[in-house]
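Chemist: The structure that follows is given in the form of structure tokens.
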There are 4 protein chains.
Amino acid sequence: MVHAPHDGNPASRPVTRSADWWSVNSPIRVTVWGENFHENVEHDREGMAQRYPEGMHGAIAAGLTNLLGAAVDVRTATRDQPAHGLTPEVLNTTDVLTWWGHARHHEVDDAIVDQVYERVLGGMGLLVLHSGHFSKIFKKLMGTTCSLAWRNSADTELVWNVSPAHPITQGVPHPIVIEEQEMYGEFFDIPEPDELVFLSTFSGGEVFRSGCCWRRGKGKIFYFSPGDQEYPVYHHPDIQRVLANGVQWASPLPAADFAPPGVVSEPAPLLSGQLEGSAQPSGKESAA
Amino acid sequence: MVHAPHDGNPASRPVTRSADWWSVNSPIRVTVWGENFHENVEHDREGMAQRYPEGMHGAIAAGLTNLLGAAVDVRTATRDQPAHGLTPEVLNTTDVLTWWGHARHHEVDDAIVDQVYERVLGGMGLLVLHSGHFSKIFKKLMGTTCSLAWRNSADTELVWNVSPAHPITQGVPHPIVIEEQEMYGEFFDIPEPDELVFLSTFSGGEVFRSGCCWRRGKGKIFYFSPGDQEYPVYHHPDIQRVLANGVQWASPLPAADFAPPGVVSEPAPLLSGQLEGSAQPSGKESAA
Amino acid sequence: MVHAPHDGNPASRPVTRSADWWSVNSPIRVTVWGENFHENVEHDREGMAQRYPEGMHGAIAAGLTNLLGAAVDVRTATRDQPAHGLTPEVLNTTDVLTWWGHARHHEVDDAIVDQVYERVLGGMGLLVLHSGHFSKIFKKLMGTTCSLAWRNSADTELVWNVSPAHPITQGVPHPIVIEEQEMYGEFFDIPEPDELVFLSTFSGGEVFRSGCCWRRGKGKIFYFSPGDQEYPVYHHPDIQRVLANGVQWASPLPAADFAPPGVVSEPAPLLSGQLEGSAQPSGKESAA
Amino acid sequence: MVHAPHDGNPASRPVTRSADWWSVNSPIRVTVWGENFHENVEHDREGMAQRYPEGMHGAIAAGLTNLLGAAVDVRTATRDQPAHGLTPEVLNTTDVLTWWGHARHHEVDDAIVDQVYERVLGGMGLLVLHSGHFSKIFKKLMGTTCSLAWRNSADTELVWNVSPAHPITQGVPHPIVIEEQEMYGEFFDIPEPDELVFLSTFSGGEVFRSGCCWRRGKGKIFYFSPGDQEYPVYHHPDIQRVLANGVQWASPLPAADFAPPGVVSEPAPLLSGQLEGSAQPSGKESAA
């Protein structure tokens with residue numbers, strides 16, 4: 001019997017072995033997405049301009065570039081641009097996407113969300129930040145409400161490392177101290193993380209699973225909660241380090257093809273197995 | 001400072017302790033949902049009538065009733081009924097929903113899917129069966145493509161128990177033998193299960209994670225792959241036993257209120273913590 | 001070919017199906033183990049007698065009996081008894097064992113630890129309490145150092161529920177408030193829990209994974225950290241409720257045989273599979 | 001209040017940030033450990049000399065060197081050497097240890113096992129191969145019996161990839177085809193893997209979780225089952241590729257200090273939290 005050729009799905013197609021599948025040839029292409037709303041709305045504009053003169057996305061991008069240098073190639077994209085800045089050209093050349101949104105989740109076009117979703121399942125890394133927990137893309141990937149408890153009263157937040165050998169937790173103190181931050185607390189309605197890396201406590205006594213990793217399709221997702229727009233958290237060197245670590249952790253393997261897993265139909269059997277005639281006392285009894 | 005009352009969310013509201021939160025007072029209310037397409041379409045009708053004279057949903061329901069007796073209260077619902085048989089009255093009185101669909105996933109109304117989704121996150125158990133892997137509700141809860149490999153060539157399927165003390169795997173042989181079944185193979189694009197309970201092999205040599213458990217919100221989900229419409233699998237006593245076990249495992253706690261987790265806003269702090277003045281050498285250095 | 005009979009291992013032996021494998025016929029047999037050291041040593045005796053006139057094990061046992069009534073059959077065993085109170089007769093009739101120890105872990109006989117270990121892998125539930133994190137049995141089951149951070153300064157501990165539909169978290173407020181307790185903090189060197197159910201925060205700002213579940217062999221393990229000997233924590237009604245829930249969660253299935261998984265040698269094949277002659281372009285290339 | 005200096009434990013000590021904590025400066029130092037028994041015992045010697053003229057450890061080491069070149073520095077160590085070849089000098093300069101043993105597990109000195117265990121918890125990677133599932137070091141790290149089913153009848157083994165974006169599964173076909181191998185089957189008594197990467201099927205119909213990852217302490221463990229001494233599996237290019245991937249995946253971070261997590265005693269509080277006076281309706285009610 002001839003073995004039917006597999007279809008085009010890379011998950012099942014026999015992989016061509018090469019000496020360099022593992023090697024890194026080029027910088028990680030990072031797109032920092034920002035909602036860019038608080039930066040422009042009247043009641044927030046002044047404070048944002050003081051805290052984030054280049055926008056929150058600008059501060060996040062600068063932190064990555066400063067820490068990772070030639071290992072990354074960073075650009076920004078914002079909601080108010082055509083296609084929210086996430087054209088096919090941009091998405092198709094993005095290895096890791098970071099997502100900060102808050103007040104305008106509902107204005108993000110479902111079609112763009114679907115394209116981001118496809119790209120993540122195909123291998124693009126995704127960092128979801130703070131209030132991005134309620135973004136369409138995060139809820140779609142999690143399959144839960146992603147709701148939580150919160151209070152904005154300038155709590156001190158301590159970020160504790162519960163995975164000391166994890167790449168994302170390297171190079172920061174235990175705990176990271178953030179003098180003032182919005183409180184995010186449990187219950188956080190997420191699927192149990194594949195890897196839990198940070199837990200935050202607050203001066204009000206609350207707790208939050210603030211650093212969580214998941215694998216979905218071929219992609220890796222890191223949620224990290226510090227970063228409310230009312231506090232200058234993205235200038236905090238430890239927070240910048242965690243984001244830089246997260247980008248490196250979430251970056252796809254060099255051999256990534258960014259095709260989401262697909263249906264593989266009707267390959268021929270590899271084995272010609274038949275049930276042994278007298279082999280199944282229990283099977284006999286139980287078969288329909 | 002007066003502690004502000006918590007809002008209405010049951011996840012955070014102080015629970016009233018009672019002696020009987022655990023006790024079971026009533027049968028598990030099960031709704032067996034069937035696509036009811038192959039049963040009626042011309043090219044399948046005759047074969048289906050032989051294998052499943054009461055429909056696949058009828059066979060599944062009968063198996064549950066036979067095995068669980070007074071411990072369950074079973075009814076069926078089908079796609080061709082108003083609201084696909086899943087009216088608010090039905091959903092609101094369902095503890096565990098089983099879902100079999102195949103050829104008409106796209107015809108299921110998104111609004112109904114959303115209501116099922118809310119109910120699952122609120123605590124309703126969900127059993128997703130065989131080709132239900134591509135149902136809207138399963139994909140929405142998983143956040144992945146749920147794609148897989150397949151071949152319909154009457155393979156023998158062996159269902160192996162990899163969690164011998166799990167309630168779902170009790171009372172069946174190791175392996176369960178299904179003489180003829182469609183092959184479902186890896187890569188199965190799902191989030192890593194919270195508990196993996198069955199692995200299937202096929203006479204063609206393939207493998208499949210055929211019994212998988214997840215927790216989402218307050219609900220429990222069990223995917224079980226045996227059960228193609230072209231084979232009388234739901235009459236197989238071991239398969240019936242697994243489904244009966246699954247219904248019991250997925251059933252909500254007696255105290256379930258079926259409210260999905262929600263946002264809890266602005267509770268007052270429980271503690272009056274302040275950062276110790278000289279306590280943070282690393283914090284000083286790192287705080288923005 | 002004749003199918004050779006399986007050996008005596010219950011994990012692989014075809015299971016005899018019966019109608020009542022699930023039914024509960026009898027109370028859960030609980031043995032509450034206590035180190036019984038602080039109760040008797042000179043510098044602690046007086047305080048212990050005030051907080052725990054019946055010993056810590058006595059208080060734990062009383063809480064279980066009060067809350068669970070006829071659903072449990074509770075006895076105690078202590079380190080200073082022959083075989084530490086864990087004779088084969090006791091272990092062989094124990095469904096769930098609770099373990100509190102602190103200052104005399106090293107005096108517990110390795111042979112007894114091995115017997116407890118076998119019983120857990122065979123299906124007995126185990127609750128490990130507070131300083132029991134350093135007990136021989138816990139370290140043997142975890143395979144890690146089980147070390148942690150600590151400070152005894154009468155911190156307030158808040159115990160937060162991160163799994164609101166988990167049986168162990170039912171019937172208690174969110175959070176549980178313990179006015180004074182020893183602080184246990186991260187990093188807690190444990191394998192990532194199969195289910196994380198409670199997180200504790202402390203007035204000093206620390207965090208701890210205070211309620212963790214694992215499955216090992218056929219047994220279930222619950223670690224719960226509140227309960228230092230210097231505070232009357234085991235009289236706290238919410239803590240008592242958690243322990244009662246834990247006993248119910250960890251109790252073995254009615255059909256449990258308490259045999260740990262064992263090697264199964266040389267069953268005959270179930271299928272007569274052969275590699276398809278021309279089926280393996282990749283195999284041909286890759287086979288040695 | 002002065003913040004007391006943390007003790008010497010690296011898990012909690014504020015980490016000195018440096019620009020190069022991530023950078024790799026040197027090859028991965030791999031020690032390939034072999035039991036070296038079948039190579040020398042009379043009834044196996046001739047066949048082993050044909051299949052593995054340099055010993056199984058020699059073949060494994062050669063495969064790693066051939067595939068990874070200057071990225072690794074590979075040496076071998078065997079049971080019959082002093083300290084089983086695992087002197088402090090060797091262990092202290094090993095980043096990743098591979099372990100193959102079968103017939104002489106019981107002859108491995110417990111003191112050496114303890115040293116390997118400490119090194120793994122401190123960050124050394126460990127690859128456990130085939131019959132190494134019953135080694136002292138693997139059982140000590142797993143906390144279970146590690147028992148399984150087996151049959152030596154030259155089955156064909158197919159190794160399926162269930163984690164297509166995992167570094168360990170790169171560069172090999174799906175499935176890997178091993179024409180003849182010993183069968184290892186379920187139930188495999190292990191803790192549920194942190195990441196499941198390969199599943200094997202056999203021509204006899206069995207299934208096995210053949211590629212499993214765990215994190216323990218700061219170390220990473222990969223178990224990979226193909227590789228019985230009676231078949232030339234370690235010459236198979238795909239198996240060699242998996243081992244090379246596994247070594248890279250398990251290698252410690254450049255900043256690793258190889259100190260296992262330890263107890264951290266009495267740091268001063270970071271926050272000066274006090275319970276809010278009127279804040280606890282539920283706490284009041286529930287406190288002892």
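Chain labels A, B, ... are given in the sequence in which chains occur in the structure tokens; within each chain residues are numbered consecutively from 1, and ligands are likewise numbered from 1 in the order shown.
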Tell me which protein, DNA and RNA residues are within 12 Å of Val233 (chain C), counting only C-alpha atoms, leaving out same-chain ones fewer than 3 positions away, and put them as a ChimeraX atom specification.
Modeler: /C:51-52,56,59-60,63,129-130,154,156-157,176-182,225-230,236-243 /D:286-288
Chemist: Could you write out that same residue set with N, CA, C and O atoms as a compact mmCIF listing (two decimals), in the first residue's frame?
Modeler:
# COMPACT_ATOMS: atom_id res chain seq x y z
N ARG C 51 -3.89 26.13 74.85
CA ARG C 51 -4.43 26.18 73.48
C ARG C 51 -5.04 24.84 73.07
O ARG C 51 -6.06 24.78 72.40
N TYR C 52 -4.36 23.78 73.45
CA TYR C 52 -4.75 22.46 72.95
C TYR C 52 -4.77 21.45 74.09
O TYR C 52 -3.89 20.58 74.16
N MET C 56 -2.76 18.92 69.78
CA MET C 56 -3.17 19.42 68.47
C MET C 56 -3.94 18.34 67.73
O MET C 56 -4.94 18.62 67.06
N ALA C 59 -7.45 18.29 68.85
CA ALA C 59 -8.28 19.37 68.31
C ALA C 59 -8.65 19.11 66.85
O ALA C 59 -9.78 19.36 66.41
N ILE C 60 -7.68 18.63 66.09
CA ILE C 60 -7.95 18.35 64.67
C ILE C 60 -9.01 17.25 64.56
O ILE C 60 -9.96 17.36 63.78
N GLY C 63 -12.48 18.55 65.46
CA GLY C 63 -13.06 19.36 64.39
C GLY C 63 -13.65 18.50 63.29
O GLY C 63 -14.75 18.78 62.79
N LEU C 129 0.03 19.00 57.05
CA LEU C 129 -0.35 20.26 57.69
C LEU C 129 0.86 21.05 58.14
O LEU C 129 1.80 20.51 58.74
N HIS C 130 0.86 22.34 57.83
CA HIS C 130 1.83 23.32 58.31
C HIS C 130 3.27 22.80 58.25
O HIS C 130 3.74 22.48 57.16
N ALA C 154 3.63 36.70 64.62
CA ALA C 154 2.20 36.93 64.82
C ALA C 154 1.57 37.75 63.70
O ALA C 154 0.76 38.63 63.94
N THR C 156 -0.93 38.62 60.69
CA THR C 156 -2.26 38.24 60.24
C THR C 156 -2.11 37.50 58.91
O THR C 156 -1.35 37.91 58.05
N GLU C 157 -2.81 36.37 58.78
CA GLU C 157 -2.78 35.61 57.53
C GLU C 157 -4.16 35.64 56.90
O GLU C 157 -5.17 35.41 57.57
N ILE C 176 -10.38 33.71 54.16
CA ILE C 176 -10.35 33.31 55.56
C ILE C 176 -9.38 34.25 56.27
O ILE C 176 -8.30 34.53 55.76
N VAL C 177 -9.78 34.75 57.44
CA VAL C 177 -8.92 35.66 58.21
C VAL C 177 -8.40 34.93 59.45
O VAL C 177 -9.19 34.45 60.27
N ILE C 178 -7.09 34.84 59.57
CA ILE C 178 -6.47 34.27 60.76
C ILE C 178 -5.71 35.41 61.42
O ILE C 178 -4.73 35.91 60.86
N GLU C 179 -6.15 35.81 62.59
CA GLU C 179 -5.60 37.04 63.16
C GLU C 179 -4.11 36.95 63.46
O GLU C 179 -3.38 37.92 63.24
N GLU C 180 -3.68 35.80 63.96
CA GLU C 180 -2.26 35.65 64.26
C GLU C 180 -1.78 34.28 63.82
O GLU C 180 -2.39 33.26 64.17
N GLN C 181 -0.68 34.27 63.10
CA GLN C 181 -0.12 33.03 62.60
C GLN C 181 1.35 33.26 62.28
O GLN C 181 1.77 34.39 62.02
N GLU C 182 2.09 32.18 62.28
CA GLU C 182 3.44 32.23 61.75
C GLU C 182 3.38 32.51 60.26
O GLU C 182 2.47 32.06 59.58
N SER C 225 -1.26 24.97 54.81
CA SER C 225 -0.22 25.50 55.69
C SER C 225 -0.69 26.11 57.00
O SER C 225 0.06 26.08 57.97
N PRO C 226 -1.87 26.72 57.12
CA PRO C 226 -2.18 27.31 58.44
C PRO C 226 -2.14 26.26 59.55
O PRO C 226 -2.59 25.13 59.35
N GLY C 227 -1.59 26.66 60.71
CA GLY C 227 -1.60 25.74 61.84
C GLY C 227 -0.32 25.64 62.64
O GLY C 227 0.13 24.54 62.92
N ASP C 228 0.26 26.76 63.05
CA ASP C 228 1.43 26.68 63.90
C ASP C 228 1.01 26.39 65.34
O ASP C 228 -0.04 26.84 65.81
N GLN C 229 1.89 25.68 66.05
CA GLN C 229 1.57 25.25 67.42
C GLN C 229 1.39 26.42 68.40
O GLN C 229 0.76 26.26 69.44
N GLU C 230 1.93 27.59 68.04
CA GLU C 230 1.86 28.71 68.98
C GLU C 230 0.57 29.51 68.87
O GLU C 230 0.38 30.48 69.61
N HIS C 236 -10.15 27.36 64.76
CA HIS C 236 -10.77 28.34 63.85
C HIS C 236 -11.78 27.59 62.97
O HIS C 236 -11.44 26.62 62.30
N PRO C 237 -13.04 28.00 63.01
CA PRO C 237 -14.07 27.22 62.30
C PRO C 237 -13.81 27.10 60.79
O PRO C 237 -14.14 26.07 60.19
N ASP C 238 -13.24 28.12 60.18
CA ASP C 238 -12.99 28.02 58.74
C ASP C 238 -11.86 27.04 58.44
O ASP C 238 -11.88 26.33 57.43
N ILE C 239 -10.86 27.03 59.32
CA ILE C 239 -9.77 26.08 59.13
C ILE C 239 -10.29 24.65 59.33
O ILE C 239 -9.95 23.74 58.58
N GLN C 240 -11.13 24.50 60.32
CA GLN C 240 -11.74 23.18 60.53
C GLN C 240 -12.54 22.74 59.30
O GLN C 240 -12.53 21.58 58.91
N ARG C 241 -13.24 23.70 58.71
CA ARG C 241 -14.04 23.37 57.53
C ARG C 241 -13.13 22.94 56.37
O ARG C 241 -13.41 21.97 55.67
N VAL C 242 -12.02 23.65 56.19
CA VAL C 242 -11.11 23.27 55.10
C VAL C 242 -10.58 21.85 55.33
O VAL C 242 -10.51 21.05 54.39
N LEU C 243 -10.22 21.54 56.57
CA LEU C 243 -9.72 20.18 56.83
C LEU C 243 -10.81 19.14 56.58
O LEU C 243 -10.53 18.07 56.03
N SER D 286 -15.36 34.42 62.19
CA SER D 286 -14.67 33.15 62.01
C SER D 286 -13.41 33.02 62.86
O SER D 286 -12.92 31.92 63.05
N ALA D 287 -12.86 34.13 63.36
CA ALA D 287 -11.59 34.02 64.08
C ALA D 287 -11.77 33.25 65.38
O ALA D 287 -12.80 33.33 66.03
N ALA D 288 -10.74 32.53 65.74
CA ALA D 288 -10.82 31.69 66.94
C ALA D 288 -10.87 32.56 68.19
O ALA D 288 -10.21 33.57 68.25
Chemist: Where does DSSP see helix (DSSP H, G or I) in region 199-274 of chain D, if you list the residues as a list in words?
Modeler: Val233, Tyr234, His235, Pro237, Asp238, Ile239, Gln240, Arg241, Val242, Leu243, Ala244, Asn245, Gly246, Val247, Gln248, Trp249 and Ala250 of chain D
Chemist: Write the residues of the selection above to a file with N, CA, C and O atoms, as a PDB file, in the first residue's frame.
Modeler:
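Heads up, here's the output in out23.pdb:
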ATOM      1  N   VAL D 233      18.906   1.405  19.086  1.00  0.00           N
ATOM      2  CA  VAL D 233      18.078   2.616  19.033  1.00  0.00           C
ATOM      3  C   VAL D 233      18.901   3.902  19.108  1.00  0.00           C
ATOM      4  O   VAL D 233      18.554   4.905  18.493  1.00  0.00           O
ATOM      5  N   TYR D 234      20.012   3.873  19.846  1.00  0.00           N
ATOM      6  CA  TYR D 234      20.765   5.119  20.017  1.00  0.00           C
ATOM      7  C   TYR D 234      21.615   5.483  18.800  1.00  0.00           C
ATOM      8  O   TYR D 234      22.296   6.513  18.798  1.00  0.00           O
ATOM      9  N   HIS D 235      21.561   4.631  17.759  1.00  0.00           N
ATOM     10  CA  HIS D 235      22.135   5.027  16.470  1.00  0.00           C
ATOM     11  C   HIS D 235      21.094   5.648  15.547  1.00  0.00           C
ATOM     12  O   HIS D 235      21.424   6.129  14.469  1.00  0.00           O
ATOM     13  N   PRO D 237      18.929   8.226  13.897  1.00  0.00           N
ATOM     14  CA  PRO D 237      19.184   9.679  13.838  1.00  0.00           C
ATOM     15  C   PRO D 237      18.098  10.508  14.499  1.00  0.00           C
ATOM     16  O   PRO D 237      18.401  11.563  15.073  1.00  0.00           O
ATOM     17  N   ASP D 238      16.854  10.073  14.456  1.00  0.00           N
ATOM     18  CA  ASP D 238      15.794  10.860  15.092  1.00  0.00           C
ATOM     19  C   ASP D 238      15.896  10.785  16.615  1.00  0.00           C
ATOM     20  O   ASP D 238      15.612  11.762  17.317  1.00  0.00           O
ATOM     21  N   ILE D 239      16.266   9.625  17.111  1.00  0.00           N
ATOM     22  CA  ILE D 239      16.438   9.490  18.563  1.00  0.00           C
ATOM     23  C   ILE D 239      17.625  10.338  19.010  1.00  0.00           C
ATOM     24  O   ILE D 239      17.562  11.024  20.052  1.00  0.00           O
ATOM     25  N   GLN D 240      18.671  10.329  18.236  1.00  0.00           N
ATOM     26  CA  GLN D 240      19.818  11.190  18.571  1.00  0.00           C
ATOM     27  C   GLN D 240      19.411  12.661  18.589  1.00  0.00           C
ATOM     28  O   GLN D 240      19.838  13.426  19.442  1.00  0.00           O
ATOM     29  N   ARG D 241      18.567  13.020  17.640  1.00  0.00           N
ATOM     30  CA  ARG D 241      18.120  14.415  17.584  1.00  0.00           C
ATOM     31  C   ARG D 241      17.298  14.760  18.824  1.00  0.00           C
ATOM     32  O   ARG D 241      17.471  15.826  19.427  1.00  0.00           O
ATOM     33  N   VAL D 242      16.421  13.868  19.241  1.00  0.00           N
ATOM     34  CA  VAL D 242      15.623  14.142  20.443  1.00  0.00           C
ATOM     35  C   VAL D 242      16.536  14.314  21.659  1.00  0.00           C
ATOM     36  O   VAL D 242      16.343  15.232  22.467  1.00  0.00           O
ATOM     37  N   LEU D 243      17.543  13.454  21.776  1.00  0.00           N
ATOM     38  CA  LEU D 243      18.442  13.593  22.925  1.00  0.00           C
ATOM     39  C   LEU D 243      19.212  14.915  22.858  1.00  0.00           C
ATOM     40  O   LEU D 243      19.394  15.597  23.882  1.00  0.00           O
ATOM     41  N   ALA D 244      19.639  15.291  21.680  1.00  0.00           N
ATOM     42  CA  ALA D 244      20.346  16.575  21.537  1.00  0.00           C
ATOM     43  C   ALA D 244      19.419  17.732  21.902  1.00  0.00           C
ATOM     44  O   ALA D 244      19.809  18.678  22.596  1.00  0.00           O
ATOM     45  N   ASN D 245      18.182  17.658  21.446  1.00  0.00           N
ATOM     46  CA  ASN D 245      17.204  18.691  21.832  1.00  0.00           C
ATOM     47  C   ASN D 245      16.992  18.705  23.340  1.00  0.00           C
ATOM     48  O   ASN D 245      16.894  19.764  23.966  1.00  0.00           O
ATOM     49  N   GLY D 246      16.886  17.504  23.901  1.00  0.00           N
ATOM     50  CA  GLY D 246      16.645  17.401  25.336  1.00  0.00           C
ATOM     51  C   GLY D 246      17.772  18.015  26.148  1.00  0.00           C
ATOM     52  O   GLY D 246      17.543  18.691  27.163  1.00  0.00           O
ATOM     53  N   VAL D 247      19.006  17.788  25.721  1.00  0.00           N
ATOM     54  CA  VAL D 247      20.151  18.384  26.425  1.00  0.00           C
ATOM     55  C   VAL D 247      20.054  19.903  26.375  1.00  0.00           C
ATOM     56  O   VAL D 247      20.267  20.586  27.389  1.00  0.00           O
ATOM     57  N   GLN D 248      19.705  20.445  25.238  1.00  0.00           N
ATOM     58  CA  GLN D 248      19.601  21.909  25.138  1.00  0.00           C
ATOM     59  C   GLN D 248      18.458  22.441  25.985  1.00  0.00           C
ATOM     60  O   GLN D 248      18.592  23.455  26.674  1.00  0.00           O
ATOM     61  N   TRP D 249      17.320  21.734  25.938  1.00  0.00           N
ATOM     62  CA  TRP D 249      16.172  22.172  26.725  1.00  0.00           C
ATOM     63  C   TRP D 249      16.468  22.126  28.222  1.00  0.00           C
ATOM     64  O   TRP D 249      16.074  23.026  28.979  1.00  0.00           O
ATOM     65  N   ALA D 250      17.150  21.068  28.679  1.00  0.00           N
ATOM     66  CA  ALA D 250      17.361  20.870  30.114  1.00  0.00           C
ATOM     67  C   ALA D 250      18.521  21.685  30.668  1.00  0.00           C
ATOM     68  O   ALA D 250      18.681  21.772  31.886  1.00  0.00           O
TER      69      ALA D 250
END
Chemist: So, with only C-alpha atoms as the atoms that count, which of B:Glu276, B:Asp80, B:Asp257, B:Glu42 lies closest to chain A?
Modeler: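 The shortest atom-to-atom distance to chain A comes from B:Glu276.
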Chemist: At a cut-off of 7 Å, using only C-alpha atoms, what residues contact region 27-32 of chain B? Leave out same-chain residues fewer than 6 positions from it and give the result as a list in words.
Modeler: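 Residues meeting the cut-off are His57, Ala61, Ala70, Ala71, Val72, Asp73, Val74, Arg75, Thr76, Ala77, Thr93, Thr94, Asp95, Val96, Leu97, Thr98, Trp99 and Ser251 of chain B.
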Chemist: Take the residues that were just selected and, keeping C-alpha atoms, output them as a compact mmCIF listing (two decimals), in the first residue's frame.
Modeler:
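So part.txt came out as:
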# COMPACT_ATOMS: atom_id res chain seq x y z
CA HIS B 57 -28.89 11.22 21.59
CA ALA B 61 -29.57 9.13 27.17
CA ALA B 70 -32.42 7.49 40.15
CA ALA B 71 -29.14 9.37 40.47
CA VAL B 72 -29.92 11.19 37.22
CA ASP B 73 -32.82 12.88 35.53
CA VAL B 74 -32.09 12.70 31.79
CA ARG B 75 -33.73 14.45 28.85
CA THR B 76 -32.64 15.13 25.28
CA ALA B 77 -32.47 18.25 23.15
CA THR B 93 -32.32 23.36 34.97
CA THR B 94 -29.36 21.50 33.52
CA ASP B 95 -26.51 20.33 35.75
CA VAL B 96 -24.58 18.47 33.05
CA LEU B 97 -24.87 18.89 29.29
CA THR B 98 -23.52 16.35 26.80
CA TRP B 99 -22.77 17.54 23.26
CA SER B 251 -21.72 17.53 37.99
Chemist: One decimal, in Å: what's the spacing between CA of Val264 (chain A) and CA of Leu148 (chain B)?
Modeler: 6.3 Å
Chemist: From the options A:Asn66, A:Ser272, A:Ala165, A:His43, which residue's atoms come nearest to Gly205 (chain D), counting only C-alpha atoms?
Modeler: A:Ser272
Chemist: So how many Å separate CA of His102 (chain A) and CA of Phe37 (chain A), to one decimal?
Modeler: 8.3 Å
Chemist: What does the structure give for the distance between CA of Pro254 (chain A) and CA of Pro175 (chain D), in Å to one decimal?
Modeler: 21.3 Å
Chemist: Skipping near chain neighbours, those fewer than 5 positions away, what residues fall within 12 Å of Ser210 (chain B) using only C-alpha atoms, listed as a ChimeraX atom specification?
Modeler: /B:128-131,133,148,157-162,176,183-188,190,193,195-202,222-227,239,242
Chemist: Give me the residues within 8 Å of Val263 (chain B) as number ranges by chain, counting only C-alpha atoms and dropping any in the same chain fewer than 5 places off.
Modeler: A: 147-150; B: 9
